[in-house]
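Structure below is work_24.pdb: PDB, C-alpha atoms and all ligand atoms.
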ATOM      1  CA  MET L 122     226.974 172.411 127.589  1.00  0.00           C
ATOM      2  CA  MET L 123     226.950 173.824 124.060  1.00  0.00           C
ATOM      3  CA  GLY L 124     224.815 172.418 121.267  1.00  0.00           C
ATOM      4  CA  LYS L 125     222.204 170.489 123.230  1.00  0.00           C
ATOM      5  CA  VAL L 126     219.316 172.714 122.131  1.00  0.00           C
ATOM      6  CA  ILE L 127     216.302 171.041 120.494  1.00  0.00           C
ATOM      7  CA  VAL L 128     214.655 172.930 117.626  1.00  0.00           C
ATOM      8  CA  ALA L 129     210.889 172.499 117.186  1.00  0.00           C
ATOM      9  CA  PRO L 130     209.615 174.222 114.022  1.00  0.00           C
ATOM     10  CA  SER L 131     205.949 175.198 114.368  1.00  0.00           C
ATOM     11  CA  ILE L 132     203.911 174.192 111.323  1.00  0.00           C
ATOM     12  CA  LEU L 133     201.529 177.056 112.060  1.00  0.00           C
ATOM     13  CA  SER L 134     203.691 179.088 109.653  1.00  0.00           C
ATOM     14  CA  ALA L 135     204.216 176.258 107.162  1.00  0.00           C
ATOM     15  CA  ASP L 136     202.364 175.554 103.922  1.00  0.00           C
ATOM     16  CA  ARG L 137     200.026 172.919 105.323  1.00  0.00           C
ATOM     17  CA  ASN L 138     198.987 171.946 101.806  1.00  0.00           C
ATOM     18  CA  ASN L 139     202.540 170.790 101.365  1.00  0.00           C
ATOM     19  CA  LEU L 140     202.847 169.174 104.762  1.00  0.00           C
ATOM     20  CA  SER L 141     205.130 166.213 103.982  1.00  0.00           C
ATOM     21  CA  PHE L 142     207.682 168.441 102.299  1.00  0.00           C
ATOM     22  CA  GLU L 143     207.443 171.072 105.068  1.00  0.00           C
ATOM     23  CA  VAL L 144     208.097 168.508 107.807  1.00  0.00           C
ATOM     24  CA  ALA L 145     210.756 166.581 105.871  1.00  0.00           C
ATOM     25  CA  LYS L 146     212.806 169.681 105.129  1.00  0.00           C
ATOM     26  CA  MET L 147     212.967 170.737 108.786  1.00  0.00           C
ATOM     27  CA  LYS L 148     213.867 167.208 109.866  1.00  0.00           C
ATOM     28  CA  LYS L 149     216.668 167.183 107.309  1.00  0.00           C
ATOM     29  CA  ALA L 150     217.834 170.585 108.587  1.00  0.00           C
ATOM     30  CA  GLY L 151     218.232 169.087 112.076  1.00  0.00           C
ATOM     31  CA  ALA L 152     214.920 169.639 113.880  1.00  0.00           C
ATOM     32  CA  ALA L 153     214.222 166.803 116.338  1.00  0.00           C
ATOM     33  CA  PHE L 154     210.672 167.994 117.154  1.00  0.00           C
ATOM     34  CA  ILE L 155     207.815 169.245 114.979  1.00  0.00           C
ATOM     35  CA  HIS L 156     205.543 171.602 116.900  1.00  0.00           C
ATOM     36  CA  LEU L 157     201.833 171.119 116.146  1.00  0.00           C
ATOM     37  CA  ASP L 158     199.715 174.093 117.207  1.00  0.00           C
ATOM     38  CA  VAL L 159     196.158 172.922 117.787  1.00  0.00           C
ATOM     39  CA  MET L 160     193.720 175.824 118.191  1.00  0.00           C
ATOM     40  CA  ASP L 161     189.944 175.504 118.604  1.00  0.00           C
ATOM     41  CA  GLY L 162     188.810 179.123 118.129  1.00  0.00           C
ATOM     42  CA  LYS L 163     187.537 179.122 121.742  1.00  0.00           C
ATOM     43  CA  PHE L 164     190.583 178.925 124.049  1.00  0.00           C
ATOM     44  CA  VAL L 165     192.313 181.163 121.466  1.00  0.00           C
ATOM     45  CA  PRO L 166     190.631 183.222 118.703  1.00  0.00           C
ATOM     46  CA  ASN L 167     192.030 181.169 115.804  1.00  0.00           C
ATOM     47  CA  THR L 168     191.254 177.649 114.603  1.00  0.00           C
ATOM     48  CA  THR L 169     193.964 175.504 113.029  1.00  0.00           C
ATOM     49  CA  PHE L 170     193.613 171.713 112.837  1.00  0.00           C
ATOM     50  CA  GLY L 171     192.607 168.626 114.815  1.00  0.00           C
ATOM     51  CA  PRO L 172     193.949 165.106 115.355  1.00  0.00           C
ATOM     52  CA  GLU L 173     193.688 164.321 111.638  1.00  0.00           C
ATOM     53  CA  LEU L 174     196.680 166.512 110.835  1.00  0.00           C
ATOM     54  CA  VAL L 175     198.691 164.920 113.670  1.00  0.00           C
ATOM     55  CA  ALA L 176     197.787 161.525 112.204  1.00  0.00           C
ATOM     56  CA  ARG L 177     199.004 162.618 108.750  1.00  0.00           C
ATOM     57  CA  VAL L 178     202.368 163.718 110.160  1.00  0.00           C
ATOM     58  CA  SER L 179     202.811 160.652 112.384  1.00  0.00           C
ATOM     59  CA  SER L 180     201.861 158.219 109.601  1.00  0.00           C
ATOM     60  CA  GLU L 181     204.782 159.534 107.597  1.00  0.00           C
ATOM     61  CA  PHE L 182     207.342 160.585 110.203  1.00  0.00           C
ATOM     62  CA  SER L 183     208.008 158.156 113.035  1.00  0.00           C
ATOM     63  CA  ASP L 184     211.409 159.615 113.863  1.00  0.00           C
ATOM     64  CA  ILE L 185     210.553 163.226 114.614  1.00  0.00           C
ATOM     65  CA  VAL L 186     208.875 164.045 117.944  1.00  0.00           C
ATOM     66  CA  LYS L 187     205.278 165.132 117.361  1.00  0.00           C
ATOM     67  CA  ASP L 188     205.131 167.947 119.916  1.00  0.00           C
ATOM     68  CA  THR L 189     201.388 168.657 120.154  1.00  0.00           C
ATOM     69  CA  HIS L 190     200.449 171.975 121.757  1.00  0.00           C
ATOM     70  CA  LEU L 191     196.754 171.981 122.699  1.00  0.00           C
ATOM     71  CA  MET L 192     195.305 175.488 122.775  1.00  0.00           C
ATOM     72  CA  ILE L 193     191.766 174.219 123.258  1.00  0.00           C
ATOM     73  CA  VAL L 194     189.040 174.271 125.895  1.00  0.00           C
ATOM     74  CA  ASP L 195     188.427 171.064 127.872  1.00  0.00           C
ATOM     75  CA  PRO L 196     191.615 169.298 126.686  1.00  0.00           C
ATOM     76  CA  LEU L 197     190.975 166.322 129.002  1.00  0.00           C
ATOM     77  CA  LYS L 198     188.265 165.108 126.625  1.00  0.00           C
ATOM     78  CA  GLN L 199     190.509 165.268 123.562  1.00  0.00           C
ATOM     79  CA  ILE L 200     193.718 163.749 124.933  1.00  0.00           C
ATOM     80  CA  PRO L 201     192.762 160.207 123.782  1.00  0.00           C
ATOM     81  CA  GLU L 202     192.135 161.511 120.224  1.00  0.00           C
ATOM     82  CA  PHE L 203     195.486 163.262 120.012  1.00  0.00           C
ATOM     83  CA  ALA L 204     197.231 160.290 121.573  1.00  0.00           C
ATOM     84  CA  LYS L 205     195.637 157.869 119.090  1.00  0.00           C
ATOM     85  CA  ALA L 206     196.593 160.254 116.263  1.00  0.00           C
ATOM     86  CA  GLY L 207     200.265 159.671 117.068  1.00  0.00           C
ATOM     87  CA  SER L 208     201.440 162.560 119.277  1.00  0.00           C
ATOM     88  CA  ASP L 209     204.632 161.784 121.177  1.00  0.00           C
ATOM     89  CA  LEU L 210     204.202 164.659 123.603  1.00  0.00           C
ATOM     90  CA  ILE L 211     200.996 166.498 124.493  1.00  0.00           C
ATOM     91  CA  THR L 212     201.113 169.905 126.144  1.00  0.00           C
ATOM     92  CA  VAL L 213     197.996 171.382 127.748  1.00  0.00           C
ATOM     93  CA  HIS L 214     197.448 174.887 129.117  1.00  0.00           C
ATOM     94  CA  LEU L 215     196.993 175.471 132.847  1.00  0.00           C
ATOM     95  CA  GLU L 216     194.456 178.171 131.930  1.00  0.00           C
ATOM     96  CA  SER L 217     192.190 175.649 130.167  1.00  0.00           C
ATOM     97  CA  PHE L 218     191.277 173.944 133.474  1.00  0.00           C
ATOM     98  CA  ASP L 219     188.983 175.065 136.287  1.00  0.00           C
ATOM     99  CA  ARG L 220     190.364 172.874 139.040  1.00  0.00           C
ATOM    100  CA  GLU L 221     193.827 171.547 140.056  1.00  0.00           C
ATOM    101  CA  GLU L 222     192.536 167.937 140.084  1.00  0.00           C
ATOM    102  CA  GLU L 223     191.702 168.229 136.378  1.00  0.00           C
ATOM    103  CA  VAL L 224     195.298 169.197 135.599  1.00  0.00           C
ATOM    104  CA  PHE L 225     196.563 166.120 137.443  1.00  0.00           C
ATOM    105  CA  GLU L 226     193.962 164.026 135.599  1.00  0.00           C
ATOM    106  CA  ALA L 227     195.172 165.373 132.230  1.00  0.00           C
ATOM    107  CA  ILE L 228     198.832 164.657 133.035  1.00  0.00           C
ATOM    108  CA  ASP L 229     197.937 161.146 134.198  1.00  0.00           C
ATOM    109  CA  SER L 230     195.815 160.554 131.089  1.00  0.00           C
ATOM    110  CA  ILE L 231     198.689 161.596 128.791  1.00  0.00           C
ATOM    111  CA  HIS L 232     201.025 159.265 130.712  1.00  0.00           C
ATOM    112  CA  ARG L 233     198.480 156.400 130.601  1.00  0.00           C
ATOM    113  CA  HIS L 234     198.557 156.699 126.818  1.00  0.00           C
ATOM    114  CA  GLY L 235     202.331 156.200 127.000  1.00  0.00           C
ATOM    115  CA  LEU L 236     203.170 159.780 126.017  1.00  0.00           C
ATOM    116  CA  LYS L 237     205.195 162.630 127.497  1.00  0.00           C
ATOM    117  CA  ALA L 238     203.182 165.289 129.329  1.00  0.00           C
ATOM    118  CA  GLY L 239     203.728 169.038 129.024  1.00  0.00           C
ATOM    119  CA  LEU L 240     202.076 171.957 130.796  1.00  0.00           C
ATOM    120  CA  SER L 241     202.062 175.487 129.395  1.00  0.00           C
ATOM    121  CA  ILE L 242     201.444 178.905 130.927  1.00  0.00           C
ATOM    122  CA  LYS L 243     200.404 182.062 129.128  1.00  0.00           C
ATOM    123  CA  PRO L 244     202.454 185.277 129.524  1.00  0.00           C
ATOM    124  CA  ALA L 245     200.142 186.617 132.259  1.00  0.00           C
ATOM    125  CA  THR L 246     200.370 183.449 134.395  1.00  0.00           C
ATOM    126  CA  ALA L 247     203.016 183.369 137.150  1.00  0.00           C
ATOM    127  CA  PRO L 248     205.430 180.391 137.074  1.00  0.00           C
ATOM    128  CA  GLU L 249     204.593 179.492 140.681  1.00  0.00           C
ATOM    129  CA  ALA L 250     201.073 178.601 139.477  1.00  0.00           C
ATOM    130  CA  ILE L 251     202.322 175.224 138.213  1.00  0.00           C
ATOM    131  CA  ASP L 252     204.642 174.318 141.101  1.00  0.00           C
ATOM    132  CA  ALA L 253     202.352 171.479 142.220  1.00  0.00           C
ATOM    133  CA  PHE L 254     202.602 169.733 138.826  1.00  0.00           C
ATOM    134  CA  LEU L 255     206.357 170.016 138.216  1.00  0.00           C
ATOM    135  CA  PRO L 256     207.292 166.640 139.738  1.00  0.00           C
ATOM    136  CA  LYS L 257     205.032 164.890 137.173  1.00  0.00           C
ATOM    137  CA  LEU L 258     205.944 166.879 134.051  1.00  0.00           C
ATOM    138  CA  ASP L 259     208.173 165.907 131.150  1.00  0.00           C
ATOM    139  CA  LEU L 260     208.029 169.419 129.682  1.00  0.00           C
ATOM    140  CA  VAL L 261     207.159 172.953 130.777  1.00  0.00           C
ATOM    141  CA  LEU L 262     206.151 175.286 127.943  1.00  0.00           C
ATOM    142  CA  VAL L 263     206.715 178.996 128.613  1.00  0.00           C
ATOM    143  CA  MET L 264     204.649 181.085 126.164  1.00  0.00           C
ATOM    144  CA  SER L 265     206.633 184.148 125.111  1.00  0.00           C
ATOM    145  CA  VAL L 266     203.662 185.476 123.132  1.00  0.00           C
ATOM    146  CA  GLU L 267     199.916 185.459 123.782  1.00  0.00           C
ATOM    147  CA  PRO L 268     198.867 182.105 122.286  1.00  0.00           C
ATOM    148  CA  GLY L 269     196.751 182.206 119.146  1.00  0.00           C
ATOM    149  CA  LYS L 270     198.944 183.247 116.256  1.00  0.00           C
ATOM    150  CA  GLY L 271     202.428 183.258 114.812  1.00  0.00           C
ATOM    151  CA  GLY L 272     204.615 186.246 113.971  1.00  0.00           C
ATOM    152  CA  GLN L 273     204.189 188.141 117.266  1.00  0.00           C
ATOM    153  CA  ALA L 274     206.971 189.910 119.177  1.00  0.00           C
ATOM    154  CA  PHE L 275     208.859 188.060 121.926  1.00  0.00           C
ATOM    155  CA  MET L 276     207.773 189.019 125.453  1.00  0.00           C
ATOM    156  CA  GLU L 277     210.726 189.714 127.760  1.00  0.00           C
ATOM    157  CA  ASN L 278     209.012 188.448 130.928  1.00  0.00           C
ATOM    158  CA  SER L 279     209.424 184.880 129.677  1.00  0.00           C
ATOM    159  CA  LEU L 280     213.164 185.030 130.503  1.00  0.00           C
ATOM    160  CA  ASP L 281     212.557 185.212 134.265  1.00  0.00           C
ATOM    161  CA  LYS L 282     210.076 182.335 134.041  1.00  0.00           C
ATOM    162  CA  ILE L 283     212.591 180.173 132.187  1.00  0.00           C
ATOM    163  CA  ALA L 284     215.200 180.947 134.865  1.00  0.00           C
ATOM    164  CA  TYR L 285     212.617 180.102 137.561  1.00  0.00           C
ATOM    165  CA  PHE L 286     211.864 176.660 136.077  1.00  0.00           C
ATOM    166  CA  LYS L 287     215.571 175.935 135.563  1.00  0.00           C
ATOM    167  CA  LYS L 288     216.381 176.812 139.176  1.00  0.00           C
ATOM    168  CA  LYS L 289     213.403 174.770 140.437  1.00  0.00           C
ATOM    169  CA  ARG L 290     214.448 171.758 138.360  1.00  0.00           C
ATOM    170  CA  ASP L 291     218.062 171.908 139.456  1.00  0.00           C
ATOM    171  CA  PHE L 292     217.181 172.449 143.115  1.00  0.00           C
ATOM    172  CA  CYS L 293     214.407 169.824 143.341  1.00  0.00           C
ATOM    173  CA  GLY L 294     215.908 167.286 140.935  1.00  0.00           C
ATOM    174  CA  TYR L 295     212.978 167.412 138.506  1.00  0.00           C
ATOM    175  CA  SER L 296     213.478 166.140 134.957  1.00  0.00           C
ATOM    176  CA  TYR L 297     211.213 168.263 132.704  1.00  0.00           C
ATOM    177  CA  LEU L 298     212.471 169.966 129.548  1.00  0.00           C
ATOM    178  CA  ILE L 299     211.929 173.729 129.355  1.00  0.00           C
ATOM    179  CA  GLU L 300     210.402 174.830 126.049  1.00  0.00           C
ATOM    180  CA  VAL L 301     209.767 178.406 124.858  1.00  0.00           C
ATOM    181  CA  ASP L 302     207.263 179.339 122.194  1.00  0.00           C
ATOM    182  CA  GLY L 303     206.634 182.620 120.446  1.00  0.00           C
ATOM    183  CA  GLY L 304     208.740 185.301 118.768  1.00  0.00           C
ATOM    184  CA  ILE L 305     211.831 183.091 118.718  1.00  0.00           C
ATOM    185  CA  ASN L 306     214.607 184.170 116.340  1.00  0.00           C
ATOM    186  CA  ALA L 307     218.424 184.087 116.479  1.00  0.00           C
ATOM    187  CA  GLU L 308     218.562 186.952 118.986  1.00  0.00           C
ATOM    188  CA  THR L 309     215.730 185.982 121.342  1.00  0.00           C
ATOM    189  CA  ALA L 310     216.683 182.289 121.159  1.00  0.00           C
ATOM    190  CA  LYS L 311     220.168 183.087 122.458  1.00  0.00           C
ATOM    191  CA  ARG L 312     218.762 184.833 125.509  1.00  0.00           C
ATOM    192  CA  THR L 313     216.299 182.050 126.268  1.00  0.00           C
ATOM    193  CA  VAL L 314     219.039 179.397 126.017  1.00  0.00           C
ATOM    194  CA  GLU L 315     221.220 181.468 128.349  1.00  0.00           C
ATOM    195  CA  ALA L 316     218.257 181.557 130.779  1.00  0.00           C
ATOM    196  CA  GLY L 317     217.948 177.758 130.631  1.00  0.00           C
ATOM    197  CA  VAL L 318     215.737 176.727 127.711  1.00  0.00           C
ATOM    198  CA  ASP L 319     216.097 173.230 126.221  1.00  0.00           C
ATOM    199  CA  VAL L 320     213.556 173.377 123.343  1.00  0.00           C
ATOM    200  CA  LEU L 321     213.068 176.299 120.951  1.00  0.00           C
ATOM    201  CA  VAL L 322     209.738 176.532 119.110  1.00  0.00           C
ATOM    202  CA  ALA L 323     209.962 178.768 116.042  1.00  0.00           C
ATOM    203  CA  GLY L 324     207.381 179.335 113.329  1.00  0.00           C
ATOM    204  CA  SER L 325     207.769 182.525 111.331  1.00  0.00           C
ATOM    205  CA  TYR L 326     211.561 182.648 111.907  1.00  0.00           C
ATOM    206  CA  LEU L 327     211.983 179.316 110.124  1.00  0.00           C
ATOM    207  CA  TYR L 328     209.113 178.747 107.712  1.00  0.00           C
ATOM    208  CA  GLY L 329     208.884 180.928 104.597  1.00  0.00           C
ATOM    209  CA  HIS L 330     212.625 181.609 104.400  1.00  0.00           C
ATOM    210  CA  GLU L 331     215.038 180.307 101.742  1.00  0.00           C
ATOM    211  CA  ASP L 332     217.853 180.102 104.309  1.00  0.00           C
ATOM    212  CA  TYR L 333     215.826 178.038 106.824  1.00  0.00           C
ATOM    213  CA  GLU L 334     218.625 175.430 106.993  1.00  0.00           C
ATOM    214  CA  GLU L 335     221.161 177.982 108.195  1.00  0.00           C
ATOM    215  CA  ARG L 336     218.559 179.350 110.587  1.00  0.00           C
ATOM    216  CA  VAL L 337     217.928 175.905 112.094  1.00  0.00           C
ATOM    217  CA  ARG L 338     221.676 175.252 112.306  1.00  0.00           C
ATOM    218  CA  GLY L 339     222.183 178.625 113.976  1.00  0.00           C
ATOM    219  CA  LEU L 340     219.643 177.724 116.668  1.00  0.00           C
ATOM    220  CA  LEU L 341     221.104 174.227 117.158  1.00  0.00           C
ATOM    221  CA  GLU L 342     224.526 175.699 117.829  1.00  0.00           C
ATOM    222  CA  LEU L 343     223.383 177.983 120.648  1.00  0.00           C
TER     223      LEU L 343
HETATM  224  C1  LIG L 401     201.249 180.647 119.073  1.00  0.00           C
HETATM  225  C2  LIG L 401     201.853 179.276 118.851  1.00  0.00           C
HETATM  226  C3  LIG L 401     203.309 179.354 118.537  1.00  0.00           C
HETATM  227  C4  LIG L 401     203.545 180.119 117.285  1.00  0.00           C
HETATM  228  C5  LIG L 401     204.983 180.523 117.199  1.00  0.00           C
HETATM  229  O1  LIG L 401     199.998 180.488 119.674  1.00  0.00           O
HETATM  230  O2  LIG L 401     201.723 178.515 120.022  1.00  0.00           O
HETATM  231  O3  LIG L 401     203.848 178.048 118.404  1.00  0.00           O
HETATM  232  O4  LIG L 401     203.228 179.337 116.171  1.00  0.00           O
HETATM  233  O5  LIG L 401     205.074 181.306 116.087  1.00  0.00           O
HETATM  234  P1  LIG L 401     206.247 182.363 115.937  1.00  0.00           P
HETATM  235  O6  LIG L 401     207.512 181.567 116.095  1.00  0.00           O
HETATM  236  O7  LIG L 401     206.017 182.900 114.539  1.00  0.00           O
HETATM  237  O8  LIG L 401     206.064 183.376 117.014  1.00  0.00           O
HETATM  238 ZN    ZN L 402     202.803 176.487 120.065  1.00  0.00          ZN
END
Have the structure of the file written as structure tokens, please.
Amino acid sequence: MMGKVIVAPSILSADRNNLSFEVAKMKKAGAAFIHLDVMDGKFVPNTTFGPELVARVSSEFSDIVKDTHLMIVDPLKQIPEFAKAGSDLITVHLESFDREEEVFEAIDSIHRHGLKAGLSIKPATAPEAIDAFLPKLDLVLVMSVEPGKGGQAFMENSLDKIAYFKKKRDFCGYSYLIEVDGGINAETAKRTVEAGVDVLVAGSYLYGHEDYEERVRGLLEL
């Protein structure tokens, strides 16, 4: 079905000193999600922001999905903070847990806070690694770059993973959204949507460009 793609601009590439304007303009352009990249400098080399920035966005924007992507160690401990801050959806990384039970605990904790739960895998992680969690997930996030910074090149192996999760969902009747994150532009977005993606995260393709409205529209029409 054409035109059911969700666009999730990543504020990693936005002017965070001008946050209200940067979120408002993407919402006006048609983005239904705002993608909040939380990095702690341990799980990934960079550090970005904590729950306080999520709280700033959610205090001002109730009608855009706060899509919080936790690239942090020990996310279980911080889920309550990011839930209280106003996230609508919290995505954690499989690779930030030592044991399968902790992943289930994190998903349950996100759900207990009344939020949607997402699970993400890095480029080197096989899609089968999260099979056990799929029945409980609201979103699967396929990283098409190594997490940690914006502006990297799209990694082709994400296409097969997207197709894998689409097939799994259709065959098993699961209900998660498939989100892709990293190196998304008009060309790579098209291929990910053809493979089965529902949500497109884009940072450097959208922020910092005069024609961002056309760019958002172009992605929405895929
Ligand atoms: C990378 C982040 C991505 C990143 C996307 O660790 O998770 O969301 O901001 O940036 P672009 O779209 O510039 O690759
Ligand atoms: Zn992200």
So which residues are close to (192.1, 162.6, 134.0), meaning at most 12 Å away in the file's coordinates with all atoms listed in the file counted, and can you show them as an mmCIF file with C-alpha atoms, in the coordinates of the input?
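Output (point.cif):
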data_model
loop_
_atom_site.group_PDB
_atom_site.id
_atom_site.type_symbol
_atom_site.label_atom_id
_atom_site.label_comp_id
_atom_site.auth_asym_id
_atom_site.auth_seq_id
_atom_site.Cartn_x
_atom_site.Cartn_y
_atom_site.Cartn_z
ATOM 1 C CA ASP L 195 188.427 171.064 127.872
ATOM 2 C CA PRO L 196 191.615 169.298 126.686
ATOM 3 C CA LEU L 197 190.975 166.322 129.002
ATOM 4 C CA LYS L 198 188.265 165.108 126.625
ATOM 5 C CA GLN L 199 190.509 165.268 123.562
ATOM 6 C CA ILE L 200 193.718 163.749 124.933
ATOM 7 C CA PRO L 201 192.762 160.207 123.782
ATOM 8 C CA PHE L 218 191.277 173.944 133.474
ATOM 9 C CA ARG L 220 190.364 172.874 139.040
ATOM 10 C CA GLU L 221 193.827 171.547 140.056
ATOM 11 C CA GLU L 222 192.536 167.937 140.084
ATOM 12 C CA GLU L 223 191.702 168.229 136.378
ATOM 13 C CA VAL L 224 195.298 169.197 135.599
ATOM 14 C CA PHE L 225 196.563 166.120 137.443
ATOM 15 C CA GLU L 226 193.962 164.026 135.599
ATOM 16 C CA ALA L 227 195.172 165.373 132.230
ATOM 17 C CA ILE L 228 198.832 164.657 133.035
ATOM 18 C CA ASP L 229 197.937 161.146 134.198
ATOM 19 C CA SER L 230 195.815 160.554 131.089
ATOM 20 C CA ILE L 231 198.689 161.596 128.791
ATOM 21 C CA HIS L 232 201.025 159.265 130.712
ATOM 22 C CA ARG L 233 198.480 156.400 130.601
ATOM 23 C CA HIS L 234 198.557 156.699 126.818
#
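Picture a line from atom CA of L:Ala323 to atom CA of L:Ser296; it runs 23.0 Å.
In terms of minimum interatomic distance to L:Phe154, L:Leu210 ranks closest within L:Leu210, L:Ala176, L:Ile299, L:Leu340, counting all atoms listed in the file.
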For ligand ZN 402 (chain L), list the contacting residues at 10 Å or closer, counting all atoms listed in the file, as number ranges by chain. L: 129-133, 156-160, 188-192, 212, 241, 262-266, 268-271, 300-303, 322-324
Closest of L:Thr169, L:Ser208, L:Asn139, L:Gln273 to ligand LIG 401 (chain L) - atom-to-atom distances counting only C-alpha atoms and all ligand atoms: L:Gln273
Skipping near chain neighbours, those fewer than 5 positions away, what residues fall within 12 Å of L:Ala247 using all atoms listed in the file, listed as a PyMOL selection string? chain L and resi 215-216+241-242+252+263-264+278-279+281-283+285-286
Any idea what's packed within 9 Å of L:Arg177, counting all atoms listed in the file, ignoring anything in its chain fewer than 5 positions away? Could you give it as JSON, numbers by chain? {"L": [140, 141, 172, 182, 206, 207]}
Please write the residues from the selection above to a file, keeping C-alpha atoms, as a PDB file, in the coordinates of the input.
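Dumped to out.pdb:
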ATOM      1  CA  LEU L 140     202.847 169.174 104.762  1.00  0.00           C
ATOM      2  CA  SER L 141     205.130 166.213 103.982  1.00  0.00           C
ATOM      3  CA  PRO L 172     193.949 165.106 115.355  1.00  0.00           C
ATOM      4  CA  PHE L 182     207.342 160.585 110.203  1.00  0.00           C
ATOM      5  CA  ALA L 206     196.593 160.254 116.263  1.00  0.00           C
ATOM      6  CA  GLY L 207     200.265 159.671 117.068  1.00  0.00           C
TER       7      GLY L 207
END
Please determine, counting all atoms listed in the file, which residue among L:Gly272, L:His214, L:Phe254, L:Lys287 has the shortest atom-to-atom distance to L:Tyr328.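 Among L:Gly272, L:His214, L:Phe254, L:Lys287, it is L:Gly272 that comes nearest to L:Tyr328.
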